[in-house]
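A.B. asks: File name upload-v2.cif; file contents mmCIF, C-alpha atoms; full text below.
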```cif
data_entry
loop_
_atom_site.label_atom_id
_atom_site.label_comp_id
_atom_site.auth_asym_id
_atom_site.auth_seq_id
_atom_site.Cartn_x
_atom_site.Cartn_y
_atom_site.Cartn_z
CA MET J 1 62.54 83.56 -77.55
CA SER J 2 59.44 84.53 -75.68
CA VAL J 3 56.77 82.34 -74.23
CA THR J 4 53.17 83.37 -74.38
CA ILE J 5 51.16 82.21 -71.44
CA GLU J 6 47.48 81.83 -72.14
CA LYS J 7 45.03 83.32 -69.78
CA PRO J 8 43.50 80.69 -67.52
CA ASN J 9 40.02 79.61 -68.49
CA ALA J 10 38.66 79.36 -64.99
CA PRO J 11 37.48 82.64 -63.54
CA MET J 12 39.37 83.76 -60.48
CA ARG J 13 37.60 82.71 -57.30
CA ARG J 14 37.42 85.40 -54.72
CA PRO J 15 38.31 84.24 -51.21
CA LYS J 16 35.21 83.66 -49.14
CA LYS J 17 34.48 86.18 -46.46
CA GLY J 18 34.00 85.31 -42.79
CA ILE J 19 35.61 82.80 -40.47
CA ASN J 20 37.56 79.98 -42.11
CA TRP J 21 36.04 77.13 -40.08
CA GLU J 22 37.97 74.41 -41.92
CA LYS J 23 41.24 76.10 -40.97
CA TRP J 24 40.22 76.34 -37.32
CA GLY J 25 39.10 72.68 -37.41
CA TRP J 26 42.53 71.74 -38.76
CA ILE J 27 44.25 73.75 -36.01
CA TYR J 28 41.91 72.26 -33.37
CA MET J 29 42.88 68.68 -34.33
CA ARG J 30 46.56 69.46 -33.80
CA VAL J 31 46.27 71.54 -30.62
CA SER J 32 43.75 69.20 -28.94
CA GLY J 33 45.78 66.21 -30.17
CA ILE J 34 48.88 67.31 -28.28
CA VAL J 35 46.89 67.96 -25.09
CA LEU J 36 45.02 64.64 -25.48
CA VAL J 37 48.27 62.66 -25.65
CA VAL J 38 49.09 63.96 -22.16
CA LEU J 39 45.53 63.62 -20.78
CA ILE J 40 44.90 60.10 -22.13
CA PHE J 41 48.34 58.69 -21.27
CA GLY J 42 47.84 60.03 -17.73
CA HIS J 43 44.29 58.63 -17.61
CA LEU J 44 45.46 55.17 -18.75
CA PHE J 45 48.49 55.16 -16.46
CA VAL J 46 46.51 56.02 -13.33
CA ASN J 47 43.52 53.75 -14.11
CA LEU J 48 45.27 50.72 -15.62
CA MET J 49 48.90 50.68 -14.42
CA ILE J 50 48.89 51.85 -10.81
CA GLY J 51 47.72 49.53 -8.03
CA GLU J 52 45.46 46.73 -9.22
CA GLY J 53 44.75 48.41 -12.56
CA VAL J 54 41.41 47.73 -14.23
CA LYS J 55 40.43 45.32 -11.40
CA ALA J 56 40.28 48.24 -8.95
CA ILE J 57 37.71 50.23 -10.94
CA ASP J 58 34.27 50.35 -9.34
CA PHE J 59 31.80 52.97 -8.07
CA ALA J 60 33.95 53.82 -5.03
CA PHE J 61 37.02 54.26 -7.27
CA VAL J 62 35.19 56.74 -9.54
CA ALA J 63 33.69 58.56 -6.53
CA GLY J 64 37.17 58.88 -5.03
CA LYS J 65 38.52 60.42 -8.24
CA PHE J 66 35.61 62.85 -8.63
CA ALA J 67 36.14 63.97 -5.02
CA ASN J 68 39.47 65.42 -6.15
CA PRO J 69 39.25 68.73 -8.07
CA PHE J 70 42.41 67.76 -9.98
CA TRP J 71 40.66 64.79 -11.63
CA VAL J 72 37.44 66.79 -12.12
CA VAL J 73 39.35 69.30 -14.24
CA TRP J 74 41.35 66.53 -15.94
CA ASP J 75 38.26 64.49 -16.88
CA THR J 76 36.28 67.55 -18.01
CA ALA J 77 39.09 68.54 -20.38
CA LEU J 78 39.37 64.92 -21.50
CA LEU J 79 35.65 64.66 -22.25
CA TRP J 80 35.34 67.87 -24.24
CA LEU J 81 38.64 67.74 -26.11
CA ALA J 82 38.38 64.02 -26.98
CA LEU J 83 34.73 63.94 -28.02
CA ILE J 84 35.02 67.02 -30.25
CA HIS J 85 38.33 65.70 -31.67
CA GLY J 86 36.64 62.36 -32.42
CA ALA J 87 33.48 63.90 -33.86
CA ASN J 88 35.49 66.22 -36.10
CA GLY J 89 37.55 63.25 -37.27
CA MET J 90 34.35 61.36 -38.08
CA ARG J 91 33.14 64.44 -39.98
CA THR J 92 36.28 64.20 -42.12
CA LEU J 93 35.50 60.55 -42.90
CA VAL J 94 31.87 61.37 -43.75
CA ASN J 95 33.09 64.08 -46.15
CA ASP J 96 35.52 61.61 -47.73
CA TYR J 97 33.28 58.57 -48.09
CA ALA J 98 29.63 59.73 -48.17
CA THR J 99 29.19 60.87 -51.75
CA LYS J 100 25.47 61.65 -51.68
CA ALA J 101 24.48 65.02 -50.26
CA THR J 102 21.56 63.58 -48.28
CA THR J 103 23.72 60.85 -46.73
CA ARG J 104 26.25 63.47 -45.69
CA MET J 105 23.54 65.64 -44.18
CA VAL J 106 22.04 62.76 -42.19
CA LEU J 107 25.44 61.62 -40.90
CA HIS J 108 26.55 65.16 -40.02
CA GLY J 109 23.25 65.66 -38.18
CA ALA J 110 23.70 62.38 -36.28
CA LEU J 111 27.24 63.41 -35.30
CA LEU J 112 26.09 66.82 -34.10
CA VAL J 113 23.17 65.47 -32.06
CA SER J 114 25.14 62.58 -30.49
CA THR J 115 28.08 64.84 -29.67
CA LEU J 116 25.93 67.48 -27.99
CA ALA J 117 23.97 64.82 -26.05
CA LEU J 118 27.12 63.09 -24.82
CA LEU J 119 28.82 66.38 -23.88
CA ILE J 120 25.83 67.27 -21.71
CA LEU J 121 25.52 63.75 -20.27
CA GLY J 122 29.26 63.53 -19.58
CA THR J 123 29.44 66.96 -17.96
CA LEU J 124 26.46 66.11 -15.74
CA THR J 125 28.21 62.84 -14.80
CA ILE J 126 31.19 64.80 -13.51
CA TYR J 127 29.39 67.72 -11.81
CA ALA J 128 25.89 66.48 -10.83
CA PHE J 129 27.25 63.35 -9.19
CA ASP J 130 26.34 62.12 -5.70
CA PRO J 131 29.20 59.99 -4.30
CA CYS J 132 27.08 58.86 -1.34
CA PRO J 133 23.58 58.05 -2.67
CA ALA J 134 21.11 57.36 0.12
CA GLY J 135 20.07 53.76 0.62
CA SER J 136 23.07 52.21 -1.11
CA PRO J 137 25.04 49.46 0.65
CA ALA J 138 28.00 51.02 2.49
CA ASP J 139 30.49 48.50 1.09
CA LEU J 140 29.87 49.86 -2.43
CA LEU J 141 30.44 53.48 -1.39
CA PRO J 142 33.71 55.36 -0.95
CA SER J 143 35.16 55.37 2.58
CA PHE J 144 34.50 59.11 3.08
CA CYS J 145 30.69 58.65 3.03
CA PRO J 146 29.09 59.16 6.45
CA ALA J 147 27.85 55.97 8.09
CA VAL J 148 24.06 55.78 8.17
CA MET B 149 49.74 55.38 -47.05
CA TRP B 150 49.64 52.70 -44.33
CA SER B 151 50.13 55.32 -41.64
CA TRP B 152 47.11 57.17 -43.09
CA VAL B 153 44.98 53.99 -43.20
CA LEU B 154 45.97 52.97 -39.68
CA HIS B 155 45.32 56.49 -38.38
CA ARG B 156 41.75 56.35 -39.77
CA ILE B 157 40.98 52.82 -38.55
CA THR B 158 42.36 53.42 -35.05
CA GLY B 159 40.57 56.80 -34.93
CA VAL B 160 37.18 55.26 -35.72
CA GLY B 161 37.74 52.44 -33.22
CA ILE B 162 38.72 54.84 -30.43
CA TYR B 163 35.74 57.10 -31.27
CA PHE B 164 33.17 54.32 -30.83
CA PHE B 165 34.87 53.17 -27.62
CA LEU B 166 34.67 56.77 -26.36
CA LEU B 167 30.90 56.88 -27.00
CA VAL B 168 30.41 53.66 -24.98
CA HIS B 169 32.85 54.81 -22.29
CA ILE B 170 30.96 58.09 -21.68
CA LEU B 171 27.69 56.11 -21.43
CA ASP B 172 29.10 53.50 -19.02
CA THR B 173 30.65 56.15 -16.77
CA ALA B 174 27.30 58.00 -16.73
CA LEU B 175 25.89 54.98 -14.86
CA VAL B 176 27.54 56.29 -11.67
CA ARG B 177 24.54 58.63 -11.50
CA VAL B 178 22.09 55.72 -11.78
CA SER B 179 23.32 53.60 -8.88
CA PRO B 180 26.53 52.04 -7.53
CA GLU B 181 25.09 48.60 -8.37
CA ALA B 182 24.40 49.55 -12.02
CA TYR B 183 27.88 50.97 -12.51
CA ASN B 184 29.63 48.04 -10.85
CA ALA B 185 27.62 45.52 -12.90
CA VAL B 186 28.54 47.14 -16.21
CA ILE B 187 32.16 47.91 -15.35
CA GLY B 188 32.45 44.28 -14.25
CA ALA B 189 31.98 43.35 -17.89
CA TYR B 190 35.26 45.17 -18.64
CA GLN B 191 37.07 43.09 -16.02
CA THR B 192 36.73 39.69 -17.68
CA PRO B 193 39.81 38.01 -19.22
CA PHE B 194 38.38 38.49 -22.72
CA MET B 195 37.89 42.24 -22.26
CA GLY B 196 41.27 42.44 -20.56
CA VAL B 197 42.91 41.17 -23.73
CA ALA B 198 40.68 43.44 -25.87
CA GLU B 199 41.89 46.40 -23.78
CA VAL B 200 45.43 45.67 -25.00
CA GLY B 201 44.05 46.22 -28.52
CA LEU B 202 42.32 49.43 -27.48
CA VAL B 203 45.45 50.81 -25.81
CA GLY B 204 47.50 49.72 -28.83
CA ALA B 205 45.17 51.70 -31.10
CA ILE B 206 45.33 54.76 -28.82
CA VAL B 207 49.13 54.66 -28.55
CA PHE B 208 49.53 54.35 -32.33
CA HIS B 209 47.04 57.18 -32.98
CA ALA B 210 48.84 59.37 -30.42
CA PHE B 211 52.38 58.88 -31.75
CA ASN B 212 51.32 59.00 -35.40
CA GLY B 213 49.31 62.18 -34.68
CA LEU B 214 52.44 63.80 -33.25
CA ARG B 215 54.28 62.70 -36.42
CA ILE B 216 51.60 64.41 -38.55
CA ILE B 217 52.11 67.63 -36.56
CA LEU B 218 55.87 67.40 -37.14
CA VAL B 219 55.32 66.82 -40.88
CA ASP B 220 53.10 69.92 -40.93
CA PHE B 221 55.20 72.30 -38.87
CA TRP B 222 58.83 71.10 -38.83
CA ASN B 223 60.78 72.49 -41.77
CA ILE B 224 62.35 69.11 -42.62
CA GLY B 225 59.22 67.17 -41.56
CA THR B 226 58.12 66.23 -45.09
CA GLN B 227 61.61 64.97 -45.95
CA ILE B 228 61.90 62.66 -42.96
CA HIS B 229 58.26 61.54 -42.69
CA ARG B 230 59.25 57.93 -43.42
CA PRO B 231 62.00 57.62 -40.78
CA MET B 232 59.59 59.33 -38.38
CA PHE B 233 56.98 56.63 -39.16
CA TYR B 234 59.51 53.95 -38.21
CA GLY B 235 60.09 56.02 -35.07
CA VAL B 236 56.33 55.86 -34.37
CA LEU B 237 56.38 52.07 -34.76
CA GLY B 238 59.42 51.83 -32.47
CA LEU B 239 57.89 54.02 -29.77
CA TRP B 240 54.64 52.05 -30.10
CA LEU B 241 56.52 48.78 -29.54
CA ILE B 242 58.37 50.12 -26.50
CA THR B 243 55.16 51.52 -24.96
CA MET B 244 53.25 48.29 -25.56
CA LEU B 245 56.11 46.21 -24.12
CA ALA B 246 55.82 48.32 -20.97
CA PHE B 247 52.01 48.29 -20.83
CA THR B 248 51.00 44.77 -21.84
CA PRO B 249 52.72 42.66 -19.14
CA ARG B 250 51.63 45.00 -16.34
CA HIS B 251 48.04 45.11 -17.58
CA LEU B 252 47.79 41.33 -18.09
CA MET B 253 49.22 40.84 -14.56
CA ASN B 254 46.30 42.93 -13.27
CA VAL B 255 43.73 41.15 -15.43
CA PHE B 256 44.79 37.58 -14.65
CA GLY B 257 46.00 38.25 -11.10
CA TRP B 258 49.56 37.01 -11.77
#
```
Any chance you could put this one into structure tokens?
C.D. replies:
Amino acid sequence: MSVTIEKPNAPMRRPKKGINWEKWGWIYMRVSGIVLVVLIFGHLFVNLMIGEGVKAIDFAFVAGKFANPFWVVWDTALLWLALIHGANGMRTLVNDYATKATTRMVLHGALLVSTLALLILGTLTIYAFDPCPAGSPADLLPSFCPAV
Amino acid sequence: MWSWVLHRITGVGIYFFLLVHILDTALVRVSPEAYNAVIGAYQTPFMGVAEVGLVGAIVFHAFNGLRIILVDFWNIGTQIHRPMFYGVLGLWLITMLAFTPRHLMNVFGW
């Protein structure tokens, strides 16, 4: 007994040429996710568990961390990996729940603009930061600032 | 399905916190007074308790994300996704039992 298989009705779709961005997005979520577990658990442990925890966080605390290249690298990686991970996750939700093409376009545009703006703002916060601004009360500044 | 729903909800929550957190940290470039005033709002008892919720969301998203990676790449991952989800809940509970008392001690000065 032989079985005849009908030819499929749908024409064969040729694979699209060029970079498969969705695949790289999928890979990015997993790779950045693993790194973020380490970066965020470390961030939370140092800022919330050690010493006085959240009570100790003020301008001098942040200035002290940014004076250390270790935390500069840590926080830069945290900013870029986390914000892009989050924005790409939000893009997934927009694709799932925004059914109208215009809504999707507006939301994707808002994600792109806000992500770029916050990446620039955040990077400036880490690198264009003055730990000892002139004219500020000394008791708010980190101890390494020169006395005026 | 619940792991999927929780992953989405915690993801969105963490995302919006991240937006605010980048903006509040950027205040260090405005002035020490501006930063201290805004960060002081995080140091109230109410926000201290809310931070337990934030950390709970982050810890769940982290462990469940690692479970998703294991489902994707481990050859028996799809067969044991359910026991792994109970593992996520167990690890979440252990982590929160370690975090919450210490954090609340800091918040309330116990």
A.B. asks: The PyMOL selection byres ((chain J and resi 142) around 12) - which residues does that actually catch in the file I just gave you? List them as a list in words.
C.D. replies: Ile57, Asp58, Phe59, Ala60, Phe61, Val62, Ala63, Gly64, Lys65, Phe66, Ala67, Asp130, Pro131, Cys132, Pro133, Ser136, Pro137, Ala138, Asp139, Leu140, Leu141, Ser143, Phe144, Cys145, Pro146 and Ala147 of chain J; Pro180 of chain B
A.B. asks: Please tabulate, as a tab-separated table, the residues of chain B that come within 6 Å of chain J, each with its closest pair of atoms and the distance in Å to one decimal, counting only C-alpha atoms and ordering rows by chain, then residue number upward.
C.D. replies:
```
residue	atom	partner	partner_atom	distance
B:Tyr163	CA	J:Gly86	CA	5.5
B:Ala174	CA	J:Thr125	CA	5.3
B:Arg177	CA	J:Phe129	CA	5.9
B:Pro180	CA	J:Phe59	CA	5.4
B:Asn184	CA	J:Asp58	CA	5.4
B:Ala210	CA	J:Val37	CA	5.8
B:Asn254	CA	J:Glu52	CA	5.6
```
A.B. asks: Can you turn the PyMOL selection byres ((chain B and resi 230-243) around 7) into a concrete residue list for this file, as a VMD selection string?
C.D. replies: chain B and resid 207 to 208 211 to 212 215 228 to 229 244 to 247
A.B. asks: Written as a list in words, which residues does the PyMOL selection byres ((chain J and resi 94) around 10) give for the file shown?
C.D. replies: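 That selection, the PyMOL selection byres ((chain J and resi 94) around 10), comes back as Asn88, Gly89, Met90, Arg91, Thr92, Leu93, Asn95, Asp96, Tyr97, Ala98, Thr99, Thr103, Arg104, Met105, Leu107, His108 and Leu111 of chain J.
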A.B. asks: Interatomic distance between CA of Tyr183 in chain B and CA of Val72 in chain J?
C.D. replies: 18.5 Å
A.B. asks: So the first atom is CA of Trp80 in chain J and the second is CA of Ile162 in chain B; what is the distance between them in Å, to one decimal place?
C.D. replies: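 One can read the CA of Trp80 in chain J to CA of Ile162 in chain B distance as 14.8 Å.
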A.B. asks: What does the distance between CA of Met253 in chain B and CA of Ala198 in chain B come to in Å, to one decimal place?
C.D. replies: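 It comes out at 14.4 Å.
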A.B. asks: Measuring atom to atom with all atoms listed in the file, identify which of J:Leu81, J:Val113, J:Val106, J:Ile120 is nearest to Ser32 in chain J.
C.D. replies: J:Leu81
A.B. asks: Name the closest residue to Gly204 in chain B among the candidates B:Val255, B:Met149, B:Gln227, B:Thr248; distances are taken between atoms, counting only C-alpha atoms.
C.D. replies: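 Of B:Val255, B:Met149, B:Gln227, B:Thr248, the one nearest Gly204 in chain B, counting only C-alpha atoms, is B:Thr248.
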